[in-house]
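**Student:** Sending over data.cif (mmCIF, C-alpha atoms and all ligand atoms).
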```cif
data_protein
#
loop_
_atom_site.group_PDB
_atom_site.id
_atom_site.type_symbol
_atom_site.label_atom_id
_atom_site.label_comp_id
_atom_site.auth_asym_id
_atom_site.auth_seq_id
_atom_site.Cartn_x
_atom_site.Cartn_y
_atom_site.Cartn_z
ATOM 1 C CA MET A 235 -18.455 22.459 50.862
ATOM 2 C CA ARG A 236 -18.265 22.945 47.090
ATOM 3 C CA TRP A 237 -19.315 20.180 44.787
ATOM 4 C CA ARG A 238 -17.509 19.657 41.556
ATOM 5 C CA ARG A 239 -19.432 18.139 38.714
ATOM 6 C CA LEU A 240 -17.700 14.966 37.478
ATOM 7 C CA ARG A 241 -17.649 14.233 33.784
ATOM 8 C CA PRO A 242 -19.246 10.803 33.286
ATOM 9 C CA HIS A 243 -16.687 8.248 32.153
ATOM 10 C CA ARG A 244 -17.296 6.998 28.642
ATOM 11 C CA ALA A 245 -15.442 4.104 27.017
ATOM 12 C CA PRO A 246 -13.937 5.009 23.612
ATOM 13 C CA THR A 247 -15.914 3.745 20.607
ATOM 14 C CA GLY A 248 -14.297 1.271 18.188
ATOM 15 C CA GLU A 249 -13.590 4.047 15.668
ATOM 16 C CA GLU A 250 -12.054 6.322 18.357
ATOM 17 C CA SER A 251 -9.767 3.585 19.523
ATOM 18 C CA ALA A 252 -8.815 2.776 15.889
ATOM 19 C CA THR A 253 -7.930 6.470 15.391
ATOM 20 C CA ARG A 254 -5.606 6.251 18.401
ATOM 21 C CA ASP A 255 -4.117 2.990 17.108
ATOM 22 C CA ARG A 256 -3.362 4.723 13.812
ATOM 23 C CA GLU A 257 -1.709 7.679 15.529
ATOM 24 C CA ARG A 258 0.441 5.265 17.536
ATOM 25 C CA MET A 259 1.272 3.236 14.396
ATOM 26 C CA VAL A 260 2.433 6.387 12.580
ATOM 27 C CA ALA A 261 4.538 7.615 15.518
ATOM 28 C CA GLU A 262 6.088 4.291 16.554
ATOM 29 C CA GLN A 263 6.464 2.466 13.226
ATOM 30 C CA LEU A 264 6.888 5.215 10.614
ATOM 31 C CA GLU A 265 8.164 8.500 12.124
ATOM 32 C CA SER A 266 10.544 6.726 14.504
ATOM 33 C CA ARG A 267 12.091 4.933 11.479
ATOM 34 C CA GLY A 268 12.746 8.187 9.654
ATOM 35 C CA LEU A 269 9.658 8.633 7.440
ATOM 36 C CA ARG A 270 8.848 12.343 7.472
ATOM 37 C CA ASP A 271 6.655 13.103 4.432
ATOM 38 C CA GLU A 272 3.607 14.718 6.053
ATOM 39 C CA GLU A 273 1.318 13.892 3.118
ATOM 40 C CA LEU A 274 2.200 10.208 3.478
ATOM 41 C CA LEU A 275 1.885 10.212 7.278
ATOM 42 C CA SER A 276 -1.530 11.945 7.054
ATOM 43 C CA ALA A 277 -2.747 9.271 4.642
ATOM 44 C CA PHE A 278 -1.662 6.549 7.111
ATOM 45 C CA ARG A 279 -3.528 8.406 9.874
ATOM 46 C CA ALA A 280 -6.651 8.670 7.690
ATOM 47 C CA VAL A 281 -7.085 5.247 6.050
ATOM 48 C CA PRO A 282 -8.919 2.782 8.346
ATOM 49 C CA ARG A 283 -6.527 -0.181 8.000
ATOM 50 C CA HIS A 284 -8.748 -2.301 10.293
ATOM 51 C CA ARG A 285 -11.493 -2.192 7.651
ATOM 52 C CA PHE A 286 -9.138 -3.684 5.058
ATOM 53 C CA VAL A 287 -7.249 -6.145 7.259
ATOM 54 C CA GLU A 288 -9.660 -7.979 9.507
ATOM 55 C CA SER A 289 -7.451 -8.793 12.477
ATOM 56 C CA ASP A 290 -7.111 -7.644 16.093
ATOM 57 C CA GLU A 291 -3.574 -6.800 15.083
ATOM 58 C CA ALA A 292 -4.500 -4.622 12.081
ATOM 59 C CA TYR A 293 -2.219 -1.846 13.411
ATOM 60 C CA GLY A 294 0.586 -4.163 14.537
ATOM 61 C CA ASP A 295 4.159 -3.990 13.235
ATOM 62 C CA ARG A 296 3.805 -7.188 11.177
ATOM 63 C CA ALA A 297 2.566 -8.746 7.937
ATOM 64 C CA LEU A 298 -0.974 -10.177 8.098
ATOM 65 C CA PRO A 299 -3.124 -12.589 6.055
ATOM 66 C CA VAL A 300 -5.616 -11.061 3.598
ATOM 67 C CA GLY A 301 -7.266 -14.272 2.282
ATOM 68 C CA SER A 302 -6.584 -16.720 -0.585
ATOM 69 C CA GLY A 303 -3.195 -17.537 1.011
ATOM 70 C CA GLN A 304 -1.942 -13.954 0.471
ATOM 71 C CA THR A 305 -0.526 -11.449 2.976
ATOM 72 C CA ILE A 306 -0.204 -7.697 3.349
ATOM 73 C CA SER A 307 3.164 -6.276 4.419
ATOM 74 C CA GLN A 308 3.748 -4.502 7.727
ATOM 75 C CA PRO A 309 2.803 -0.777 7.626
ATOM 76 C CA TYR A 310 6.469 0.331 7.438
ATOM 77 C CA VAL A 311 7.110 -1.627 4.224
ATOM 78 C CA VAL A 312 3.893 -0.262 2.656
ATOM 79 C CA ALA A 313 5.020 3.260 3.629
ATOM 80 C CA ARG A 314 8.568 2.749 2.344
ATOM 81 C CA MET A 315 7.271 1.553 -1.041
ATOM 82 C CA THR A 316 4.791 4.405 -1.276
ATOM 83 C CA ALA A 317 7.415 7.014 -0.367
ATOM 84 C CA ALA A 318 9.843 5.621 -2.971
ATOM 85 C CA ALA A 319 7.194 5.619 -5.722
ATOM 86 C CA ARG A 320 6.089 9.226 -5.149
ATOM 87 C CA PRO A 321 6.054 11.062 -8.502
ATOM 88 C CA THR A 322 8.179 14.249 -8.532
ATOM 89 C CA SER A 323 5.056 16.285 -9.264
ATOM 90 C CA GLY A 324 3.224 14.687 -6.296
ATOM 91 C CA TRP A 325 0.339 12.230 -5.977
ATOM 92 C CA LEU A 326 -2.538 14.591 -6.763
ATOM 93 C CA GLY A 327 -4.034 13.567 -10.114
ATOM 94 C CA ALA A 328 -1.134 11.176 -10.824
ATOM 95 C CA SER A 329 -1.983 8.113 -12.851
ATOM 96 C CA VAL A 330 -0.886 5.093 -10.776
ATOM 97 C CA LEU A 331 -0.919 1.347 -11.358
ATOM 98 C CA GLU A 332 -0.821 -1.079 -8.451
ATOM 99 C CA VAL A 333 -0.136 -4.737 -9.233
ATOM 100 C CA GLY A 334 -1.522 -6.967 -6.450
ATOM 101 C CA THR A 335 -4.667 -5.420 -4.937
ATOM 102 C CA GLY A 336 -4.841 -7.891 -2.025
ATOM 103 C CA SER A 337 -6.940 -6.212 0.674
ATOM 104 C CA GLY A 338 -7.154 -2.842 -1.138
ATOM 105 C CA TYR A 339 -5.260 -1.011 1.649
ATOM 106 C CA GLN A 340 -2.333 0.208 -0.485
ATOM 107 C CA ALA A 341 -4.776 1.388 -3.175
ATOM 108 C CA ALA A 342 -6.757 3.299 -0.513
ATOM 109 C CA LEU A 343 -3.587 5.092 0.667
ATOM 110 C CA LEU A 344 -2.780 6.164 -2.897
ATOM 111 C CA ALA A 345 -6.366 7.350 -3.456
ATOM 112 C CA GLU A 346 -6.299 9.189 -0.110
ATOM 113 C CA MET A 347 -3.338 11.224 -1.443
ATOM 114 C CA GLY A 348 -5.280 12.096 -4.607
ATOM 115 C CA ALA A 349 -3.838 9.581 -7.107
ATOM 116 C CA GLU A 350 -5.969 8.072 -9.862
ATOM 117 C CA VAL A 351 -5.507 4.397 -9.173
ATOM 118 C CA ILE A 352 -5.928 1.269 -11.260
ATOM 119 C CA SER A 353 -5.224 -1.864 -9.217
ATOM 120 C CA VAL A 354 -4.854 -5.329 -10.798
ATOM 121 C CA GLU A 355 -5.454 -8.553 -8.841
ATOM 122 C CA ARG A 356 -5.223 -12.088 -10.229
ATOM 123 C CA HIS A 357 -7.634 -13.640 -7.683
ATOM 124 C CA PRO A 358 -11.203 -12.607 -8.639
ATOM 125 C CA GLU A 359 -12.532 -13.118 -5.082
ATOM 126 C CA LEU A 360 -9.814 -10.895 -3.548
ATOM 127 C CA ALA A 361 -10.520 -8.247 -6.200
ATOM 128 C CA ALA A 362 -14.266 -8.300 -5.451
ATOM 129 C CA ASP A 363 -13.743 -8.054 -1.676
ATOM 130 C CA ALA A 364 -11.184 -5.255 -2.068
ATOM 131 C CA ALA A 365 -13.469 -3.277 -4.398
ATOM 132 C CA ALA A 366 -16.305 -3.580 -1.844
ATOM 133 C CA ARG A 367 -14.044 -2.429 1.020
ATOM 134 C CA LEU A 368 -12.673 0.486 -0.988
ATOM 135 C CA SER A 369 -16.147 1.635 -1.872
ATOM 136 C CA ALA A 370 -17.409 1.261 1.743
ATOM 137 C CA ALA A 371 -14.451 3.335 2.977
ATOM 138 C CA GLY A 372 -15.197 6.102 0.452
ATOM 139 C CA TYR A 373 -12.573 5.275 -2.198
ATOM 140 C CA SER A 374 -14.994 4.295 -4.949
ATOM 141 C CA ASP A 375 -12.881 5.968 -7.675
ATOM 142 C CA VAL A 376 -10.234 3.245 -7.422
ATOM 143 C CA GLN A 377 -10.573 0.934 -10.422
ATOM 144 C CA VAL A 378 -10.005 -2.683 -9.347
ATOM 145 C CA VAL A 379 -9.505 -5.047 -12.287
ATOM 146 C CA VAL A 380 -8.879 -8.791 -12.525
ATOM 147 C CA GLY A 381 -5.978 -10.058 -14.608
ATOM 148 C CA ASP A 382 -2.297 -10.898 -14.826
ATOM 149 C CA GLY A 383 -0.718 -7.664 -13.603
ATOM 150 C CA SER A 384 2.745 -8.852 -14.675
ATOM 151 C CA ARG A 385 1.569 -7.690 -18.120
ATOM 152 C CA GLY A 386 0.545 -4.346 -16.619
ATOM 153 C CA TRP A 387 -2.692 -2.702 -17.686
ATOM 154 C CA PRO A 388 -2.062 -0.992 -21.029
ATOM 155 C CA ALA A 389 -5.444 0.788 -21.131
ATOM 156 C CA GLY A 390 -4.375 3.232 -18.380
ATOM 157 C CA ALA A 391 -0.753 3.788 -19.490
ATOM 158 C CA PRO A 392 1.468 5.755 -19.220
ATOM 159 C CA TYR A 393 1.696 5.670 -15.406
ATOM 160 C CA ALA A 394 3.569 8.207 -13.280
ATOM 161 C CA ALA A 395 4.076 5.415 -10.726
ATOM 162 C CA ILE A 396 3.752 1.628 -10.681
ATOM 163 C CA LEU A 397 3.789 -0.262 -7.377
ATOM 164 C CA VAL A 398 4.154 -4.027 -7.636
ATOM 165 C CA THR A 399 3.214 -5.513 -4.281
ATOM 166 C CA ALA A 400 4.254 -9.068 -5.172
ATOM 167 C CA ALA A 401 7.777 -10.332 -5.891
ATOM 168 C CA GLY A 402 9.113 -11.297 -9.298
ATOM 169 C CA PRO A 403 12.426 -12.639 -10.665
ATOM 170 C CA SER A 404 12.986 -9.445 -12.721
ATOM 171 C CA ILE A 405 11.215 -6.228 -13.753
ATOM 172 C CA PRO A 406 8.452 -7.242 -16.201
ATOM 173 C CA GLU A 407 9.161 -5.615 -19.591
ATOM 174 C CA PRO A 408 5.500 -4.553 -20.144
ATOM 175 C CA LEU A 409 5.602 -2.579 -16.868
ATOM 176 C CA LEU A 410 8.708 -0.692 -18.000
ATOM 177 C CA GLN A 411 6.968 0.061 -21.303
ATOM 178 C CA GLN A 412 3.887 1.406 -19.484
ATOM 179 C CA LEU A 413 5.902 3.701 -17.197
ATOM 180 C CA SER A 414 5.920 7.419 -18.010
ATOM 181 C CA THR A 415 9.081 8.381 -19.929
ATOM 182 C CA ASP A 416 9.111 11.625 -17.953
ATOM 183 C CA GLY A 417 10.479 10.440 -14.596
ATOM 184 C CA GLY A 418 8.054 7.528 -14.088
ATOM 185 C CA ARG A 419 8.823 5.464 -10.957
ATOM 186 C CA LEU A 420 8.340 1.760 -10.470
ATOM 187 C CA VAL A 421 8.846 0.037 -7.109
ATOM 188 C CA MET A 422 8.945 -3.745 -6.900
ATOM 189 C CA PRO A 423 10.514 -6.568 -4.859
ATOM 190 C CA ILE A 424 12.947 -8.462 -7.135
ATOM 191 C CA GLY A 425 14.619 -11.766 -6.373
ATOM 192 C CA ALA A 426 13.864 -15.369 -5.433
ATOM 193 C CA ARG A 427 10.480 -16.687 -4.248
ATOM 194 C CA GLU A 428 11.669 -16.728 -0.619
ATOM 195 C CA HIS A 429 13.430 -13.332 -0.289
ATOM 196 C CA GLN A 430 13.958 -10.261 -2.426
ATOM 197 C CA LEU A 431 15.357 -6.737 -2.683
ATOM 198 C CA LEU A 432 12.906 -3.843 -2.888
ATOM 199 C CA THR A 433 13.981 -2.032 -6.058
ATOM 200 C CA LEU A 434 13.197 1.438 -7.406
ATOM 201 C CA VAL A 435 13.350 2.019 -11.171
ATOM 202 C CA GLU A 436 13.181 5.516 -12.664
ATOM 203 C CA ARG A 437 12.527 6.074 -16.339
ATOM 204 C CA HIS A 438 13.726 9.089 -18.325
ATOM 205 C CA GLY A 439 13.086 8.757 -22.060
ATOM 206 C CA SER A 440 14.413 5.385 -23.137
ATOM 207 C CA ASP A 441 16.779 5.195 -20.108
ATOM 208 C CA ALA A 442 15.879 3.355 -16.902
ATOM 209 C CA THR A 443 18.039 3.493 -13.780
ATOM 210 C CA SER A 444 17.529 1.218 -10.812
ATOM 211 C CA ARG A 445 18.422 1.389 -7.139
ATOM 212 C CA VAL A 446 18.104 -1.215 -4.394
ATOM 213 C CA LEU A 447 16.249 -0.018 -1.278
ATOM 214 C CA ASP A 448 15.770 -2.799 1.314
ATOM 215 C CA PRO A 449 15.763 -6.579 1.699
ATOM 216 C CA VAL A 450 12.110 -7.742 1.879
ATOM 217 C CA VAL A 451 9.898 -10.833 1.757
ATOM 218 C CA PHE A 452 6.786 -10.675 -0.442
ATOM 219 C CA VAL A 453 4.416 -13.297 -1.860
ATOM 220 C CA PRO A 454 5.251 -14.195 -5.488
ATOM 221 C CA LEU A 455 4.013 -12.396 -8.577
ATOM 222 C CA ILE A 456 2.422 -15.254 -10.503
ATOM 223 C CA GLY A 457 2.093 -14.679 -14.221
ATOM 224 C CA GLU A 458 3.618 -14.489 -17.668
ATOM 225 C CA PHE A 459 6.363 -12.050 -16.566
ATOM 226 C CA GLY A 460 6.554 -13.295 -12.977
ATOM 227 C CA PHE A 461 6.937 -16.771 -11.448
ATOM 228 C CA PRO A 462 5.021 -19.791 -12.787
ATOM 229 C CA ALA A 463 2.112 -21.012 -10.628
ATOM 230 C CA GLU A 464 3.242 -23.984 -8.470
HETATM 231 N N1 LIG A 501 -1.161 -4.426 -1.893
HETATM 232 C C1 LIG A 501 -1.923 -5.389 -1.152
HETATM 233 C C2 LIG A 501 -2.666 -4.760 -0.018
HETATM 234 O O1 LIG A 501 -2.617 -3.518 0.144
HETATM 235 O O2 LIG A 501 -3.329 -5.502 0.714
HETATM 236 C C3 LIG A 501 -1.118 -6.568 -0.700
HETATM 237 C C4 LIG A 501 -0.718 -7.388 -1.851
HETATM 238 S S1 LIG A 501 -0.193 -9.025 -1.502
HETATM 239 C C5 LIG A 501 1.365 -8.749 -0.759
HETATM 240 C C6 LIG A 501 0.213 -9.513 -3.164
HETATM 241 C C7 LIG A 501 -0.983 -9.670 -4.079
HETATM 242 O O3 LIG A 501 -0.518 -9.841 -5.407
HETATM 243 C C8 LIG A 501 -1.833 -10.900 -3.775
HETATM 244 O O4 LIG A 501 -3.152 -10.508 -3.536
HETATM 245 C C9 LIG A 501 -1.707 -11.754 -5.021
HETATM 246 O O5 LIG A 501 -2.881 -12.492 -5.323
HETATM 247 C C10 LIG A 501 -1.418 -10.694 -6.075
HETATM 248 N N2 LIG A 501 -0.780 -11.175 -7.302
HETATM 249 C C11 LIG A 501 0.198 -12.096 -7.454
HETATM 250 N N3 LIG A 501 0.507 -12.214 -8.764
HETATM 251 C C12 LIG A 501 -0.282 -11.338 -9.444
HETATM 252 C C13 LIG A 501 -0.413 -10.987 -10.822
HETATM 253 N N4 LIG A 501 0.319 -11.529 -11.782
HETATM 254 N N5 LIG A 501 -1.327 -10.029 -11.138
HETATM 255 C C14 LIG A 501 -2.084 -9.446 -10.193
HETATM 256 N N6 LIG A 501 -2.006 -9.755 -8.878
HETATM 257 C C15 LIG A 501 -1.099 -10.678 -8.515
#
```
Would you give me this structure, written as structure tokens?
Ligand code: SAM
**Tutor:**
Amino acid sequence: MRWRRLRPHRAPTGEESATRDRERMVAEQLESRGLRDEELLSAFRAVPRHRFVESDEAYGDRALPVGSGQTISQPYVVARMTAAARPTSGWLGASVLEVGTGSGYQAALLAEMGAEVISVERHPELAADAAARLSAAGYSDVQVVVGDGSRGWPAGAPYAAILVTAAGPSIPEPLLQQLSTDGGRLVMPIGAREHQLLTLVERHGSDATSRVLDPVVFVPLIGEFGFPAE
């Protein structure tokens, strides 16, 4: 009789199972809905979403709370926004402004693709937590700043891309001014407090063209060029 050596069974570690969750998230929520940009999909496979969104459902197909009454969108909406904002010359070395740091996850994705990111958050405690998470996950180059992002962040302008991850009644004029005149792209949910249309604006010289992408629901952009605080 011949004996075959059995490989001892080993349960997957937390990080191994998170890697599998990410692969499943990319296949079932992004690729299956038509997102094909390999650079974007690789970033979603690489960034440990569970370290930014502390929930058993970090990889689920749904929006989740991130603290201070704020939420992060489902992975597909984050991916759709990121894909729409991609500068024509690519993310590597691109100067990017995010308005609404929240958990820091969107900023991490942009940094993972090589962008130079400034992210503005109005809640100081969310900004501090996000900066700590970004640094712990290896994205310490992301600059997290506290302020009213509806005014943009003039010190870093012009930006090749601006992603506003909170909804406003219209495109804030300072953001348009801070967008690169050479094909700069701004993506933002525009509409009422309860529901909005994800909108892409492209700037060429003094011209700006806009296109509606999808109906969405985001938390409000509170500030001088957003909604008033309630
Ligand atoms: N991008 C985030 C992430 O990856 O977790 C999710 C952002 S959450 C949908 C919207 C964020 O915008 C909230 O954290 C909220 O506090 C912030 N916010 C709202 N108005 C703002 C403003 N005027 N300036 C900066 N941040 C603002």
**Student:** Kindly compile the residues surrounding ligand LIG 501 (chain A) within 7 Å, counting only C-alpha atoms and all ligand atoms, and format them as a PyMOL selection string.
**Tutor:** chain A and resi 300+304-307+333-341+354-357+360+381-384+399-400+452-457+460
**Student:** Store the residues picked out above in a file with C-alpha atoms, as a PDB file, keeping the file's coordinate frame.
**Tutor:**
```
ATOM      1  CA  VAL A 300      -5.616 -11.061   3.598  1.00  0.00           C
ATOM      2  CA  GLN A 304      -1.942 -13.954   0.471  1.00  0.00           C
ATOM      3  CA  THR A 305      -0.526 -11.449   2.976  1.00  0.00           C
ATOM      4  CA  ILE A 306      -0.204  -7.697   3.349  1.00  0.00           C
ATOM      5  CA  SER A 307       3.164  -6.276   4.419  1.00  0.00           C
ATOM      6  CA  VAL A 333      -0.136  -4.737  -9.233  1.00  0.00           C
ATOM      7  CA  GLY A 334      -1.522  -6.967  -6.450  1.00  0.00           C
ATOM      8  CA  THR A 335      -4.667  -5.420  -4.937  1.00  0.00           C
ATOM      9  CA  GLY A 336      -4.841  -7.891  -2.025  1.00  0.00           C
ATOM     10  CA  SER A 337      -6.940  -6.212   0.674  1.00  0.00           C
ATOM     11  CA  GLY A 338      -7.154  -2.842  -1.138  1.00  0.00           C
ATOM     12  CA  TYR A 339      -5.260  -1.011   1.649  1.00  0.00           C
ATOM     13  CA  GLN A 340      -2.333   0.208  -0.485  1.00  0.00           C
ATOM     14  CA  ALA A 341      -4.776   1.388  -3.175  1.00  0.00           C
ATOM     15  CA  VAL A 354      -4.854  -5.329 -10.798  1.00  0.00           C
ATOM     16  CA  GLU A 355      -5.454  -8.553  -8.841  1.00  0.00           C
ATOM     17  CA  ARG A 356      -5.223 -12.088 -10.229  1.00  0.00           C
ATOM     18  CA  HIS A 357      -7.634 -13.640  -7.683  1.00  0.00           C
ATOM     19  CA  LEU A 360      -9.814 -10.895  -3.548  1.00  0.00           C
ATOM     20  CA  GLY A 381      -5.978 -10.058 -14.608  1.00  0.00           C
ATOM     21  CA  ASP A 382      -2.297 -10.898 -14.826  1.00  0.00           C
ATOM     22  CA  GLY A 383      -0.718  -7.664 -13.603  1.00  0.00           C
ATOM     23  CA  SER A 384       2.745  -8.852 -14.675  1.00  0.00           C
ATOM     24  CA  THR A 399       3.214  -5.513  -4.281  1.00  0.00           C
ATOM     25  CA  ALA A 400       4.254  -9.068  -5.172  1.00  0.00           C
ATOM     26  CA  PHE A 452       6.786 -10.675  -0.442  1.00  0.00           C
ATOM     27  CA  VAL A 453       4.416 -13.297  -1.860  1.00  0.00           C
ATOM     28  CA  PRO A 454       5.251 -14.195  -5.488  1.00  0.00           C
ATOM     29  CA  LEU A 455       4.013 -12.396  -8.577  1.00  0.00           C
ATOM     30  CA  ILE A 456       2.422 -15.254 -10.503  1.00  0.00           C
ATOM     31  CA  GLY A 457       2.093 -14.679 -14.221  1.00  0.00           C
ATOM     32  CA  GLY A 460       6.554 -13.295 -12.977  1.00  0.00           C
TER      33      GLY A 460
END
```
**Student:** With the cut-off set at 8 Å and counting all atoms listed in the file, tabulate each residue of region 301-376 of chain A with an atom at most that distance from an atom of region 246-266 of chain A, showing the nearest atom pair and its distance in Å to one decimal, ordered by chain and increasing number, as JSON lines.
**Tutor:**
```
{"residue": "A:Pro309", "atom": "CA", "partner": "A:Gln263", "partner_atom": "CA", "distance": 7.4}
{"residue": "A:Tyr310", "atom": "CA", "partner": "A:Leu264", "partner_atom": "CA", "distance": 5.8}
{"residue": "A:Ala313", "atom": "CA", "partner": "A:Leu264", "partner_atom": "CA", "distance": 7.5}
```
**Student:** What does the distance between CA of Arg270 (chain A) and CA of Leu331 (chain A) come to in Å, to one decimal place?
**Tutor:**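 Calculated distance between CA of Arg270 (chain A) and CA of Leu331 (chain A) is 23.9 Å.
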**Student:** Could you name the residues that touch region 321-323 of chain A at 8 Å or less, counting all atoms listed in the file, but leaving out those on the same chain fewer than 2 positions away, as a PDB file with C-alpha atoms, in the frame of the given file?
**Tutor:**
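Ended up saving to selection_32.pdb:
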```
ATOM      1  CA  ALA A 319       7.194   5.619  -5.722  1.00  0.00           C
ATOM      2  CA  TRP A 325       0.339  12.230  -5.977  1.00  0.00           C
ATOM      3  CA  ALA A 328      -1.134  11.176 -10.824  1.00  0.00           C
ATOM      4  CA  ALA A 394       3.569   8.207 -13.280  1.00  0.00           C
ATOM      5  CA  ALA A 395       4.076   5.415 -10.726  1.00  0.00           C
ATOM      6  CA  GLY A 417      10.479  10.440 -14.596  1.00  0.00           C
ATOM      7  CA  GLY A 418       8.054   7.528 -14.088  1.00  0.00           C
ATOM      8  CA  ARG A 419       8.823   5.464 -10.957  1.00  0.00           C
TER       9      ARG A 419
END
```
**Student:** Determine, counting all atoms listed in the file, which protein, DNA and RNA residues have an atom within 12 Å of an atom of Gln377 (chain A); residues of the same chain fewer than 4 positions away are not included. Present the result as a list of chain:residue names.
**Tutor:**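 Within the cut-off, the hits are A:Ser329, A:Val330, A:Leu331, A:Glu332, A:Val333, A:Thr335, A:Gly338, A:Ala341, A:Ala342, A:Ala345, A:Ala349, A:Glu350, A:Val351, A:Ile352, A:Ser353, A:Val354, A:Glu355, A:Ala361, A:Ala362, A:Ala364, A:Ala365, A:Ala366, A:Leu368, A:Ser369, A:Tyr373, A:Trp387, A:Ala389, A:Gly390.
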**Student:** Please indicate the distance in Å from CA of Glu272 (chain A) to CA of Asp416 (chain A), rounded to one decimal place.
**Tutor:**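 Result for CA of Glu272 (chain A) versus CA of Asp416 (chain A): 24.8 Å, one decimal.
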**Student:** With only C-alpha atoms counted, which protein, DNA or RNA residues have an atom no more than 7 Å from (6.3, -8.4, -12.0) in the file frame? Please answer as a ChimeraX atom specification.
**Tutor:** /A:384,398,401-402,404-406,455,459-460
**Student:** Would you mind telling me which residue in A:Gly372, A:Pro282, A:Pro403, A:Gly327 lies nearest to Phe461 (chain A) when using only C-alpha atoms?
**Tutor:** A:Pro403
**Student:** Env of Leu343 (chain A): 8 Å cut, atoms = only C-alpha atoms, seq-sep filter 5 positions within chain, self excluded. Answer as a ChimeraX atom specification.
**Tutor:** /A:277-278,281
**Student:** Around (-6.1, -10.0, 8.7), as given in the file, which residues come within 10 Å? Count only C-alpha atoms and list them as a list in words.
**Tutor:**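 Every polymer residue passing the test: Arg283, His284, Arg285, Phe286, Val287, Glu288, Ser289, Asp290, Glu291, Ala292, Ala297, Leu298, Pro299, Val300, Gly301, Thr305, Ile306 and Ser337 of chain A.
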**Student:** Report, as JSON, the centre and edge lengths in Å (one decimal) of the axis-aligned box enclosing every listed atom of region 370-385 of chain A, padded by 8 Å on each side.
**Tutor:**
```
{"center_x": -7.3, "center_y": -2.4, "center_z": -7.6, "size_x": 36.2, "size_y": 33.0, "size_z": 37.1}
```
**Student:** Could you state which residues are captured by the PyMOL selection byres (((chain A and resi 430) around 10) and not hetatm) in this file, as a list in words?
**Tutor:**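 What the PyMOL selection byres (((chain A and resi 430) around 10) and not hetatm) grabs from the file is Ala401, Gly402, Pro403, Met422, Pro423, Ile424, Gly425, Ala426, Arg427, Glu428, His429, Leu431, Leu432, Thr433, Asp448, Pro449, Val450, Val451 and Phe452 of chain A.
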**Student:** Output C-alpha atoms for every residue in that selection, as a tab-separated table (two decimals), in the frame of the given file.
**Tutor:**
```tsv
chain	number	residue	atom	x	y	z
A	401	ALA	CA	7.78	-10.33	-5.89
A	402	GLY	CA	9.11	-11.30	-9.30
A	403	PRO	CA	12.43	-12.64	-10.66
A	422	MET	CA	8.94	-3.74	-6.90
A	423	PRO	CA	10.51	-6.57	-4.86
A	424	ILE	CA	12.95	-8.46	-7.14
A	425	GLY	CA	14.62	-11.77	-6.37
A	426	ALA	CA	13.86	-15.37	-5.43
A	427	ARG	CA	10.48	-16.69	-4.25
A	428	GLU	CA	11.67	-16.73	-0.62
A	429	HIS	CA	13.43	-13.33	-0.29
A	431	LEU	CA	15.36	-6.74	-2.68
A	432	LEU	CA	12.91	-3.84	-2.89
A	433	THR	CA	13.98	-2.03	-6.06
A	448	ASP	CA	15.77	-2.80	1.31
A	449	PRO	CA	15.76	-6.58	1.70
A	450	VAL	CA	12.11	-7.74	1.88
A	451	VAL	CA	9.90	-10.83	1.76
A	452	PHE	CA	6.79	-10.68	-0.44
```
**Student:** Could you state the separation of CA of Gly324 (chain A) and CA of Glu273 (chain A) in Å, given to one decimal place?
**Tutor:**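 Going from CA of Gly324 (chain A) over to CA of Glu273 (chain A), I get 9.6 Å.
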**Student:** Can you list, as a list of chain:residue names, the residues that the PyMOL selection byres (((chain A and resi 392) around 7) and not hetatm) selects here?
**Tutor:**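 Those residues are A:Gly390, A:Ala391, A:Tyr393, A:Ala394, A:Gln412, A:Leu413, A:Ser414.
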**Student:** Measuring between only C-alpha atoms, which one of A:Ser440, A:Thr316, A:Gln308, A:Ser374 shows the shortest distance to Leu420 (chain A)?
**Tutor:**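 Closest candidate: A:Thr316.
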**Student:** Out of A:Glu458, A:Asp441, A:Glu359, A:Asp295, which residue has the shortest atom-to-atom distance to Val312 (chain A) when counting only C-alpha atoms?
**Tutor:**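 Under the stated criterion, the closest residue is A:Asp295.
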**Student:** Which residue is closest to Val379 (chain A)? Choose from A:Leu410, A:Arg320, A:Pro358, A:Arg367 and count all atoms listed in the file.
**Tutor:** A:Pro358
**Student:** May I ask you to restore N, CA and C atoms in region 316-322 of chain A and write the result as a short mmCIF file (atom, residue, chain, number, x, y, z; two decimals), keeping the file's coordinate frame?
**Tutor:**
```cif
data_model
loop_
_atom_site.label_atom_id
_atom_site.label_comp_id
_atom_site.auth_asym_id
_atom_site.auth_seq_id
_atom_site.Cartn_x
_atom_site.Cartn_y
_atom_site.Cartn_z
N THR A 316 5.59 3.26 -0.83
CA THR A 316 4.79 4.40 -1.28
C THR A 316 5.68 5.64 -1.37
N ALA A 317 6.52 5.84 -0.37
CA ALA A 317 7.42 7.01 -0.37
C ALA A 317 8.35 6.96 -1.58
N ALA A 318 8.89 5.76 -1.86
CA ALA A 318 9.84 5.62 -2.97
C ALA A 318 9.17 5.86 -4.32
N ALA A 319 7.89 5.51 -4.42
CA ALA A 319 7.19 5.62 -5.72
C ALA A 319 6.64 7.02 -5.98
N ARG A 320 6.74 7.91 -5.01
CA ARG A 320 6.09 9.23 -5.15
C ARG A 320 6.57 9.96 -6.41
N PRO A 321 5.63 10.32 -7.30
CA PRO A 321 6.05 11.06 -8.50
C PRO A 321 6.62 12.43 -8.11
N THR A 322 7.57 12.95 -8.89
CA THR A 322 8.18 14.25 -8.53
C THR A 322 7.13 15.36 -8.47
#
```
